[in-house]
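Take a look at the structure below.
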Amino acid sequence: MTEFDKLSTKDTGHLLVKVQEDIALLKDRLLRQNPNELDLRAIQEAIELTEKSLKEKAELLSHKVDSEATSLRNFDQNGQKSQQVTIEELQVLHAKQGPSATSYAMVRSDEGQHIQPVAISASIMAPGRRVVLEQKLRAMLNPANPKSRDVLNEAYGIQLPLIEHRQPRRDASRVITGSTVDKLAVIPVENRRDPLRTPPPITDDDARRGILNLSERGLIPLGAKITLEPTPVVPKPITLHEFDESRRDRKEFFRKKKDALAGVHLDVKTSVTRRNQQSGKKSREARRVSSAAAAMIVTEPTMDDRLQLRNPMPKFLEPIEPIKPPPTTPATDAIVVREKYRFSIYNGEAKENTKEFIKFKQHYCIAWGSIATIIRKLEQLLGEFSVPLGLVDGERLADLAAASEVDPTLVTPDELLKVIMNRDDVIALMKNPGRRYLTSNGQERAATTIQSKWRAFKARKAYLHYRRQKWAASIIALSWLMMLKVGRIRRQLKQTRIEQLDAFRKKFKTLGSKWKRIKKSRRVVIHMPSLGLPHSIRKDMLEIGKEQNMQMSRLCDLMDPNVDIIYICPMDLDDEMRQYYSKLLTLDSAIRTVKRDGQKPLSERYTFVVPEALNSFPKHKMSLATLLKYSPKSLKRIKQLIQGREAYIMPGVISKDDLYVAETLGVSILGSEPEVAHLYSSKSGSKRIFQHAGVTIPPGEFDIYSLNQLQDALAQLITDNLDVKRWLLKLDHQTEGRGIAYFDVTNMSCYLYAKKQAERYGREWANRWAQEQTYSKIYEELPIALAQHAKPVCQQVYKTWDKFLDEFLSEGGILEACPPTDEYTALTVNILIEPDGSISTICSGDQIHADCQYSCWGFSIPQTSVSPNVINEVCQRIASACRERRIFGYVDIDFITFLEPGTDKQTLWATDLDIAYRDLPSLFNTIHFMSNGTFDSANHEMRVNGTEERFAVVSNKLRHTNLTLIHYGVFFQMCRAHGIGFDIKEKQGTVFNLIDDHNRDSLSMVVIGANLQETLATFARNLSLIHQEISTPNMQGVTNFKAVIKDIEGILGTTAENALDLE
């Protein structure tokens, strides 16, 4: 009795625990072993031993459990329970006798363990019960049955372990693919991460793998010098023969050995057949020898062949003379063929009577149909190119025929050439031009080819001509369609602009009728400081956003309690800038009450709106109105802000996009029509207004658009006005001195001659006959003088005279005389033509020039150069002329005044007209807001508290690059430290307007004082202090502060001299 016979069903768990301990012991033994010394064979033997032990224990345990299975109850004929019959005993009974016979089984009594035979009849159990019992028996007898474990569990309550079926061992005779080389052992991770680490030791097994294995694994460094001992290459002296020995005639040697080959039997066929059977591959090797040498088939003799040799095998065999092929095919007479089935095609015809062809046909007789088709195609191909000889590889031909039965498209000329053994020679012949025309019908084929090529040439030429015509027709059609579409869009746009203009006129008419009521009632003013200039001007502006934002002082309109402001910002404003203007505007109530604690915030009365299209077009230099036009969110917000309230737009330089914005918002514009404003804001248009008003203008000519007109007009002007030494050329639509060039007539050699002629004729000089000779000389010299001495004022925009002249002739311009004296003053008067037609003078100021005498950087307000009566009369006449041409809104009128040499009579010239809301009214708003004063237009005086007179010096074009290095907070602390500030009580001091919050290099400053000299001195002092604080000797920066200070010092000197003269 084994140990399993002693086990009961309850001890099954102990057995499984013991098996688990054996497996754990094996695992521990493997882990404690050194990985480098790991023996795979010992591991495999231990695993097999463990599997065998587990299998034996499982079988014994299963047998023991089955023998103790619960027996079935048996019932006698009276239905009483008698004995138990096991399933195994019933199985034995069922196997020995049929189901109807009486069976005997060994049963176990209930009282004891003894066994006694009991007769069991087949009629004891029902038929259905017998069938179920038989099925369960079959399941238990077959361990592979998937129901076997379920039946044991159901009948006996035993859950057998699930044993996975092992894969059957593969047959040794079966071919197993895969790598036959063991994988390289990988170098440890520590050595891969740290190359300087000591490499692991090299075992004997590693050494047996070889040096290449050690190098690839990294055990030997790549740069190591390897020396093999002993060396595998051993030098050995070589025998050198004389040159004459290599030229010996070998035929004599072959003849001497001929008798030695008498008993040699070469069974070439047998040797070749055996070799093909052993290798199973097709031999297609060929080698070339010289035409004088012989071609023969040489094979390695087999063992049988060696036994048939009567004499020892000699080292050289005498060659057999081959059959010479046709001489026309190059290099074919030297081919050595090793293929089994080959035949030749001579001049496009296969030799079917040769032994090779007959043998080839007999071997492939079953598939001869497809092979014959391939042969015919090959004959046709070689015959087409007049190939004299083609050696065909039969086996390749058969393979191609078999493949063509599956896919007929495989039979191509390239595939056919692959079955030819002398393929290189055949291809060389086929590539020879005109080869295909050497056949019997070559002339017909050549004629056919020529005709086909000519027809193809004619057809392609016609096709290309048709394609060009079709392309041209498509271009014409597309151009026509595009022209129609563009024309339709232009008509629609024109109609839209006409509708917008009509809407503008209706709105403006309504505004004029309600203007008196609107001025006194609650209203919203939408300030849009847009520069609607032509694109040719805007493209030359470096920072158009900063140029438009110089009128931030428009916010000072909040001093009117009935006004709410929506300011359209041309650039983003940071919190620091917003806080500054919020604090500045809270001074309104304090200034009026003269109390510091009277400040009240006005943040609810103004709103900043930044168009969202500002970031979408950062480099397009669009006007503010255009950006707002493409900003639907901003338009929607403005609509919500002005809903149900009286509102109008206060524009800058008006354009057509302003009309679109006004129509979208449903409000009117306080200004002129765009076309009218652009026409009369030009230099030529303003001259028409001045002529119509009857005011004095400088000698000159306008509406010049050609070079001849320019030269004629300038020559005549120089002849008529010899006392004028400098003439100005001004572009029609440029602003702020950018489009001005000057020409000094004193540089002309004929100028002195002209003056002598004028003195000679005296009063008769005004006649044309007296000026004719002088005019001719001036006209001849003028082109050269202009090219040499005319200079543009703004070199940044127009670097040369030629560029300025091109722009002048394309855009148009005027000729204007400079005053005959160097001492003259430029002044500007701003007037407002209201919608109801009333005219009022807003302010006036003398211009202050710094960098250039033709560009203004600031004003001294009010003007003190001309008598108020004279200036008011001239301005009234000009304003009336503007009103007649439906010019409304703010208008700037520029004048020049000087004392005529010799008579000291003051002369006033009207020089320019600007129909837009410009810098002067914007800066005057700051003065009005901070001083709470009024401008007396009759006397051109500014008074505070009704009696005290005030003067102001303002500028919004101060620039210093060092200002970018400090923040505004630090800047204001510096100003306070130097006493730069504003006194609310005295209504005097300095106020700054911030313009740019990004670069911070531009500044606007307003200085208010009791008299003009002190105000100018304070302005110059402020600039000097600021420059000293933000500059160092090594970092002066780019600034116009010094030029402004110098100009102010000159003005102060002139003012002091005038005061002394008056005294």
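So you can find residues: chains in the structure tokens are A, B, ... in the order shown, residues in each start at 1, and ligands are numbered from 1 in order.
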Next item on the list: Can you pull out every residue within 10 Å of stretch 719-721 of chain A, counting only C-alpha atoms, but drop anything in the same chain fewer than 5 positions away, and send it as a PyMOL selection string?
Entry: chain A and resi 699-700+713-714+751+754-755+758+765-768+771-772+774-776+778-779+817+820
Item checked: Shell of 9 Å around A:His978, only C-alpha atoms, local chain residues under 5 positions omitted, as a PyMOL selection string -> chain A and resi 973+1022+1025
What are the closest atom pairs, with distances in Å to one decimal, for each residue of stretch 764-817 of chain A lying within 8 Å of stretch 745-749 of chain A, using only C-alpha atoms, rows by chain and rising residue number, as CSV?
```
residue,atom,partner,partner_atom,distance
A:Glu781,CA,A:Met748,CA,7.4
A:Leu782,CA,A:Met748,CA,7.9
A:Ala785,CA,A:Met748,CA,6.5
A:His789,CA,A:Asn747,CA,7.2
```
Please produce a file of the residues just selected, as a CSV table (one decimal), in the first residue's frame, where the atoms kept are C-alpha atoms.
```csv
chain,number,residue,atom,x,y,z
A,781,GLU,CA,18.5,126.8,-66.9
A,782,LEU,CA,15.6,125.7,-64.6
A,785,ALA,CA,19.0,124.0,-61.4
A,789,HIS,CA,19.5,122.5,-55.9
```
Would you mind listing what lies within 6 Å of stretch 386-398 of chain A as a PDB file with all heavy atoms, in the first residue's frame, with only C-alpha atoms counted and same-chain residues fewer than 2 positions away left out?
```
ATOM      1  N   THR A 329      26.164  37.236 -84.902  1.00  0.00           N
ATOM      2  CA  THR A 329      25.828  37.584 -83.510  1.00  0.00           C
ATOM      3  C   THR A 329      27.109  37.727 -82.713  1.00  0.00           C
ATOM      4  O   THR A 329      27.874  36.770 -82.612  1.00  0.00           O
ATOM      5  CB  THR A 329      24.937  36.526 -82.871  1.00  0.00           C
ATOM      6  OG1 THR A 329      23.807  36.346 -83.706  1.00  0.00           O
ATOM      7  CG2 THR A 329      24.515  36.947 -81.481  1.00  0.00           C
ATOM      8  N   TYR A 341      17.910  22.159 -70.604  1.00  0.00           N
ATOM      9  CA  TYR A 341      17.081  22.276 -71.799  1.00  0.00           C
ATOM     10  C   TYR A 341      17.334  23.652 -72.415  1.00  0.00           C
ATOM     11  O   TYR A 341      16.985  24.667 -71.813  1.00  0.00           O
ATOM     12  CB  TYR A 341      15.596  22.122 -71.444  1.00  0.00           C
ATOM     13  CG  TYR A 341      15.278  20.819 -70.750  1.00  0.00           C
ATOM     14  CD1 TYR A 341      14.974  20.783 -69.402  1.00  0.00           C
ATOM     15  CD2 TYR A 341      15.302  19.621 -71.472  1.00  0.00           C
ATOM     16  CE1 TYR A 341      14.713  19.578 -68.773  1.00  0.00           C
ATOM     17  CE2 TYR A 341      15.034  18.422 -70.840  1.00  0.00           C
ATOM     18  CZ  TYR A 341      14.743  18.396 -69.489  1.00  0.00           C
ATOM     19  OH  TYR A 341      14.474  17.224 -68.866  1.00  0.00           O
ATOM     20  N   ARG A 342      17.917  23.645 -73.567  1.00  0.00           N
ATOM     21  CA  ARG A 342      18.140  24.888 -74.279  1.00  0.00           C
ATOM     22  C   ARG A 342      17.987  24.629 -75.774  1.00  0.00           C
ATOM     23  O   ARG A 342      18.206  23.512 -76.243  1.00  0.00           O
ATOM     24  CB  ARG A 342      19.525  25.455 -74.003  1.00  0.00           C
ATOM     25  CG  ARG A 342      20.663  24.650 -74.617  1.00  0.00           C
ATOM     26  CD  ARG A 342      21.981  25.390 -74.502  1.00  0.00           C
ATOM     27  NE  ARG A 342      23.080  24.616 -75.053  1.00  0.00           N
ATOM     28  CZ  ARG A 342      23.435  24.636 -76.345  1.00  0.00           C
ATOM     29  NH1 ARG A 342      22.773  25.380 -77.187  1.00  0.00           N
ATOM     30  NH2 ARG A 342      24.452  23.913 -76.784  1.00  0.00           N
ATOM     31  N   PHE A 343      17.596  25.661 -76.469  1.00  0.00           N
ATOM     32  CA  PHE A 343      17.505  25.581 -77.917  1.00  0.00           C
ATOM     33  C   PHE A 343      17.773  26.975 -78.467  1.00  0.00           C
ATOM     34  O   PHE A 343      17.860  27.958 -77.720  1.00  0.00           O
ATOM     35  CB  PHE A 343      16.134  25.045 -78.359  1.00  0.00           C
ATOM     36  CG  PHE A 343      14.981  25.885 -77.909  1.00  0.00           C
ATOM     37  CD1 PHE A 343      14.480  26.905 -78.698  1.00  0.00           C
ATOM     38  CD2 PHE A 343      14.386  25.651 -76.674  1.00  0.00           C
ATOM     39  CE1 PHE A 343      13.420  27.667 -78.283  1.00  0.00           C
ATOM     40  CE2 PHE A 343      13.327  26.412 -76.252  1.00  0.00           C
ATOM     41  CZ  PHE A 343      12.841  27.427 -77.050  1.00  0.00           C
ATOM     42  N   SER A 344      17.897  27.048 -79.755  1.00  0.00           N
ATOM     43  CA  SER A 344      18.297  28.288 -80.406  1.00  0.00           C
ATOM     44  C   SER A 344      17.195  28.781 -81.326  1.00  0.00           C
ATOM     45  O   SER A 344      16.397  27.996 -81.845  1.00  0.00           O
ATOM     46  CB  SER A 344      19.584  28.089 -81.219  1.00  0.00           C
ATOM     47  OG  SER A 344      20.623  27.596 -80.405  1.00  0.00           O
ATOM     48  N   ILE A 345      17.169  30.107 -81.491  1.00  0.00           N
ATOM     49  CA  ILE A 345      16.266  30.757 -82.440  1.00  0.00           C
ATOM     50  C   ILE A 345      17.151  31.525 -83.408  1.00  0.00           C
ATOM     51  O   ILE A 345      17.817  32.498 -83.032  1.00  0.00           O
ATOM     52  CB  ILE A 345      15.276  31.694 -81.726  1.00  0.00           C
ATOM     53  CG1 ILE A 345      14.371  30.908 -80.773  1.00  0.00           C
ATOM     54  CG2 ILE A 345      14.434  32.451 -82.737  1.00  0.00           C
ATOM     55  CD1 ILE A 345      13.399  31.757 -80.009  1.00  0.00           C
ATOM     56  N   TYR A 346      17.163  31.059 -84.703  1.00  0.00           N
ATOM     57  CA  TYR A 346      17.989  31.670 -85.736  1.00  0.00           C
ATOM     58  C   TYR A 346      17.112  32.566 -86.598  1.00  0.00           C
ATOM     59  O   TYR A 346      16.123  32.104 -87.187  1.00  0.00           O
ATOM     60  CB  TYR A 346      18.655  30.598 -86.599  1.00  0.00           C
ATOM     61  CG  TYR A 346      19.695  29.792 -85.873  1.00  0.00           C
ATOM     62  CD1 TYR A 346      19.358  28.596 -85.244  1.00  0.00           C
ATOM     63  CD2 TYR A 346      21.018  30.227 -85.817  1.00  0.00           C
ATOM     64  CE1 TYR A 346      20.301  27.856 -84.573  1.00  0.00           C
ATOM     65  CE2 TYR A 346      21.976  29.474 -85.142  1.00  0.00           C
ATOM     66  CZ  TYR A 346      21.616  28.298 -84.525  1.00  0.00           C
ATOM     67  OH  TYR A 346      22.567  27.570 -83.853  1.00  0.00           O
ATOM     68  N   ASN A 347      17.465  33.849 -86.626  1.00  0.00           N
ATOM     69  CA  ASN A 347      16.769  34.815 -87.483  1.00  0.00           C
ATOM     70  C   ASN A 347      15.254  34.800 -87.270  1.00  0.00           C
ATOM     71  O   ASN A 347      14.458  34.812 -88.212  1.00  0.00           O
ATOM     72  CB  ASN A 347      17.090  34.553 -88.949  1.00  0.00           C
ATOM     73  CG  ASN A 347      18.556  34.755 -89.263  1.00  0.00           C
ATOM     74  OD1 ASN A 347      19.188  35.666 -88.712  1.00  0.00           O
ATOM     75  ND2 ASN A 347      19.109  33.921 -90.134  1.00  0.00           N
ATOM     76  N   LEU A 382      12.249  38.528 -81.607  1.00  0.00           N
ATOM     77  CA  LEU A 382      13.599  38.483 -82.153  1.00  0.00           C
ATOM     78  C   LEU A 382      13.598  38.735 -83.652  1.00  0.00           C
ATOM     79  O   LEU A 382      14.527  39.354 -84.183  1.00  0.00           O
ATOM     80  CB  LEU A 382      14.233  37.120 -81.842  1.00  0.00           C
ATOM     81  CG  LEU A 382      14.427  36.797 -80.360  1.00  0.00           C
ATOM     82  CD1 LEU A 382      15.070  35.432 -80.189  1.00  0.00           C
ATOM     83  CD2 LEU A 382      15.272  37.852 -79.673  1.00  0.00           C
ATOM     84  N   GLY A 383      12.541  38.249 -84.327  1.00  0.00           N
ATOM     85  CA  GLY A 383      12.470  38.506 -85.757  1.00  0.00           C
ATOM     86  C   GLY A 383      12.209  39.964 -86.079  1.00  0.00           C
ATOM     87  O   GLY A 383      12.638  40.469 -87.123  1.00  0.00           O
ATOM     88  N   GLU A 384      11.498  40.651 -85.206  1.00  0.00           N
ATOM     89  CA  GLU A 384      11.211  42.065 -85.444  1.00  0.00           C
ATOM     90  C   GLU A 384      12.474  42.893 -85.443  1.00  0.00           C
ATOM     91  O   GLU A 384      12.589  43.877 -86.191  1.00  0.00           O
ATOM     92  CB  GLU A 384      10.239  42.572 -84.382  1.00  0.00           C
ATOM     93  CG  GLU A 384       9.824  44.015 -84.556  1.00  0.00           C
ATOM     94  CD  GLU A 384       8.866  44.461 -83.474  1.00  0.00           C
ATOM     95  OE1 GLU A 384       8.498  43.632 -82.626  1.00  0.00           O
ATOM     96  OE2 GLU A 384       8.499  45.652 -83.482  1.00  0.00           O
ATOM     97  N   LEU A 400       7.855  30.825 -67.284  1.00  0.00           N
ATOM     98  CA  LEU A 400       7.087  31.968 -67.770  1.00  0.00           C
ATOM     99  C   LEU A 400       5.764  31.531 -68.375  1.00  0.00           C
ATOM    100  O   LEU A 400       4.730  32.198 -68.201  1.00  0.00           O
ATOM    101  CB  LEU A 400       7.916  32.744 -68.805  1.00  0.00           C
ATOM    102  CG  LEU A 400       7.250  33.973 -69.430  1.00  0.00           C
ATOM    103  CD1 LEU A 400       6.899  34.990 -68.352  1.00  0.00           C
ATOM    104  CD2 LEU A 400       8.158  34.607 -70.475  1.00  0.00           C
ATOM    105  N   ALA A 401       5.750  30.395 -69.088  1.00  0.00           N
ATOM    106  CA  ALA A 401       4.504  29.884 -69.652  1.00  0.00           C
ATOM    107  C   ALA A 401       3.519  29.500 -68.559  1.00  0.00           C
ATOM    108  O   ALA A 401       2.311  29.766 -68.664  1.00  0.00           O
ATOM    109  CB  ALA A 401       4.797  28.685 -70.567  1.00  0.00           C
ATOM    110  N   VAL A 419      14.324  35.105 -70.602  1.00  0.00           N
ATOM    111  CA  VAL A 419      14.524  33.677 -70.885  1.00  0.00           C
ATOM    112  C   VAL A 419      15.638  33.476 -71.901  1.00  0.00           C
ATOM    113  O   VAL A 419      15.972  32.331 -72.219  1.00  0.00           O
ATOM    114  CB  VAL A 419      13.210  33.053 -71.398  1.00  0.00           C
ATOM    115  CG1 VAL A 419      12.089  33.293 -70.410  1.00  0.00           C
ATOM    116  CG2 VAL A 419      12.822  33.583 -72.759  1.00  0.00           C
ATOM    117  N   ILE A 420      16.197  34.554 -72.452  1.00  0.00           N
ATOM    118  CA  ILE A 420      17.280  34.459 -73.425  1.00  0.00           C
ATOM    119  C   ILE A 420      18.601  34.481 -72.680  1.00  0.00           C
ATOM    120  O   ILE A 420      18.845  35.346 -71.832  1.00  0.00           O
ATOM    121  CB  ILE A 420      17.202  35.604 -74.443  1.00  0.00           C
ATOM    122  CG1 ILE A 420      15.887  35.524 -75.213  1.00  0.00           C
ATOM    123  CG2 ILE A 420      18.373  35.556 -75.404  1.00  0.00           C
ATOM    124  CD1 ILE A 420      15.680  36.656 -76.180  1.00  0.00           C
ATOM    125  N   MET A 421      19.457  33.528 -72.994  1.00  0.00           N
ATOM    126  CA  MET A 421      20.710  33.390 -72.266  1.00  0.00           C
ATOM    127  C   MET A 421      21.728  34.445 -72.700  1.00  0.00           C
ATOM    128  O   MET A 421      22.482  34.947 -71.881  1.00  0.00           O
ATOM    129  CB  MET A 421      21.266  31.981 -72.458  1.00  0.00           C
ATOM    130  CG  MET A 421      20.308  30.893 -71.960  1.00  0.00           C
ATOM    131  SD  MET A 421      20.808  29.247 -72.420  1.00  0.00           S
ATOM    132  CE  MET A 421      22.389  29.139 -71.648  1.00  0.00           C
TER     133      MET A 421
END
```
Check: Can you tell me, as a PyMOL selection string, what residues are no more than 9 Å from A:Arg645 when counting only C-alpha atoms, ignoring any on the same chain fewer than 6 positions away?
Finding: chain A and resi 522-524
Please save all heavy atoms of the selected residues as a short mmCIF file (atom, residue, chain, number, x, y, z; two decimals), in the first residue's frame.
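The new file out.cif reads:
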```cif
data_model
loop_
_atom_site.label_atom_id
_atom_site.label_comp_id
_atom_site.auth_asym_id
_atom_site.auth_seq_id
_atom_site.Cartn_x
_atom_site.Cartn_y
_atom_site.Cartn_z
N ARG A 522 -28.95 117.08 -22.86
CA ARG A 522 -28.06 115.94 -22.59
C ARG A 522 -27.77 115.20 -23.90
O ARG A 522 -28.67 114.89 -24.67
CB ARG A 522 -28.76 114.99 -21.61
CG ARG A 522 -27.87 113.91 -21.06
CD ARG A 522 -27.02 114.42 -19.93
NE ARG A 522 -26.25 113.36 -19.32
CZ ARG A 522 -25.41 113.53 -18.32
NH1 ARG A 522 -25.24 114.75 -17.81
NH2 ARG A 522 -24.75 112.53 -17.81
N ARG A 523 -26.47 114.89 -24.15
CA ARG A 523 -26.10 114.26 -25.41
C ARG A 523 -24.85 113.40 -25.21
O ARG A 523 -24.14 113.53 -24.20
CB ARG A 523 -25.84 115.32 -26.48
CG ARG A 523 -24.70 116.28 -26.16
CD ARG A 523 -24.65 117.44 -27.14
NE ARG A 523 -23.53 118.34 -26.90
CZ ARG A 523 -23.54 119.32 -26.01
NH1 ARG A 523 -24.63 119.52 -25.24
NH2 ARG A 523 -22.48 120.11 -25.86
N VAL A 524 -24.63 112.55 -26.21
CA VAL A 524 -23.45 111.67 -26.23
C VAL A 524 -22.61 112.05 -27.44
O VAL A 524 -23.11 112.09 -28.56
CB VAL A 524 -23.84 110.18 -26.30
CG1 VAL A 524 -22.59 109.30 -26.35
CG2 VAL A 524 -24.71 109.79 -25.12
#
```
Next item on the list: Would you work out the distance separating atom CA of A:Pro632 from atom CA of A:Met482, expressed in Å to one decimal?
Entry: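 If I compute the distance from atom CA of A:Pro632 to atom CA of A:Met482, I get 29.0 Å.
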Notebook entry, point to check: Hey, what's within 8 Å of A:Leu378 if we count only C-alpha atoms and toss same-chain stuff fewer than 4 positions away? As an MDAnalysis selection string, please?
Noted result: chainID A and resid 348 374 382 416
Go ahead and save the residues from that selection, with all heavy atoms, as a PDB file, in the first residue's frame.
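Here's the written file again_21.pdb:
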```pdb
ATOM      1  N   GLY A 348      14.851  34.738 -86.000  1.00  0.00           N
ATOM      2  CA  GLY A 348      13.437  34.805 -85.661  1.00  0.00           C
ATOM      3  C   GLY A 348      12.688  33.500 -85.853  1.00  0.00           C
ATOM      4  O   GLY A 348      11.440  33.506 -85.860  1.00  0.00           O
ATOM      5  N   ILE A 374       4.408  31.126 -76.031  1.00  0.00           N
ATOM      6  CA  ILE A 374       5.530  31.970 -75.608  1.00  0.00           C
ATOM      7  C   ILE A 374       6.641  31.928 -76.649  1.00  0.00           C
ATOM      8  O   ILE A 374       7.290  32.941 -76.958  1.00  0.00           O
ATOM      9  CB  ILE A 374       6.047  31.539 -74.227  1.00  0.00           C
ATOM     10  CG1 ILE A 374       4.922  31.646 -73.185  1.00  0.00           C
ATOM     11  CG2 ILE A 374       7.219  32.396 -73.793  1.00  0.00           C
ATOM     12  CD1 ILE A 374       4.376  33.024 -73.006  1.00  0.00           C
ATOM     13  N   LEU A 382      12.249  38.528 -81.607  1.00  0.00           N
ATOM     14  CA  LEU A 382      13.599  38.483 -82.153  1.00  0.00           C
ATOM     15  C   LEU A 382      13.598  38.735 -83.652  1.00  0.00           C
ATOM     16  O   LEU A 382      14.527  39.354 -84.183  1.00  0.00           O
ATOM     17  CB  LEU A 382      14.233  37.120 -81.842  1.00  0.00           C
ATOM     18  CG  LEU A 382      14.427  36.797 -80.360  1.00  0.00           C
ATOM     19  CD1 LEU A 382      15.070  35.432 -80.189  1.00  0.00           C
ATOM     20  CD2 LEU A 382      15.272  37.852 -79.673  1.00  0.00           C
ATOM     21  N   LEU A 416      10.132  38.340 -71.650  1.00  0.00           N
ATOM     22  CA  LEU A 416      10.594  37.451 -72.723  1.00  0.00           C
ATOM     23  C   LEU A 416      12.105  37.504 -72.863  1.00  0.00           C
ATOM     24  O   LEU A 416      12.755  36.472 -73.128  1.00  0.00           O
ATOM     25  CB  LEU A 416       9.931  37.861 -74.042  1.00  0.00           C
ATOM     26  CG  LEU A 416       8.423  37.596 -74.158  1.00  0.00           C
ATOM     27  CD1 LEU A 416       7.893  38.171 -75.456  1.00  0.00           C
ATOM     28  CD2 LEU A 416       8.116  36.094 -74.085  1.00  0.00           C
TER      29      LEU A 416
END
```
Next item on the list: If you run DSSP over the backbone, which residues in stretch 670-752 of chain A end up alpha helix (DSSP H)? Put them as a ChimeraX atom specification.
Entry: /A:674-681,683-693,707-720,751-752
Checklist line | From A:Asn191, A:Asn708, A:Thr841, A:Thr1032, residue lying nearest A:Pro862 [only C-alpha atoms] | finding: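 Nearest candidate to A:Pro862 out of A:Asn191, A:Asn708, A:Thr841, A:Thr1032: A:Thr841.
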Notebook entry, point to check: Quick one: of A:Gln906, A:Val891, A:Tyr466, A:Arg138, who's nearest to A:Tyr680, counting only C-alpha atoms?
Noted result: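 Once distances to A:Tyr680 are computed over only C-alpha atoms, the minimum belongs to A:Val891.
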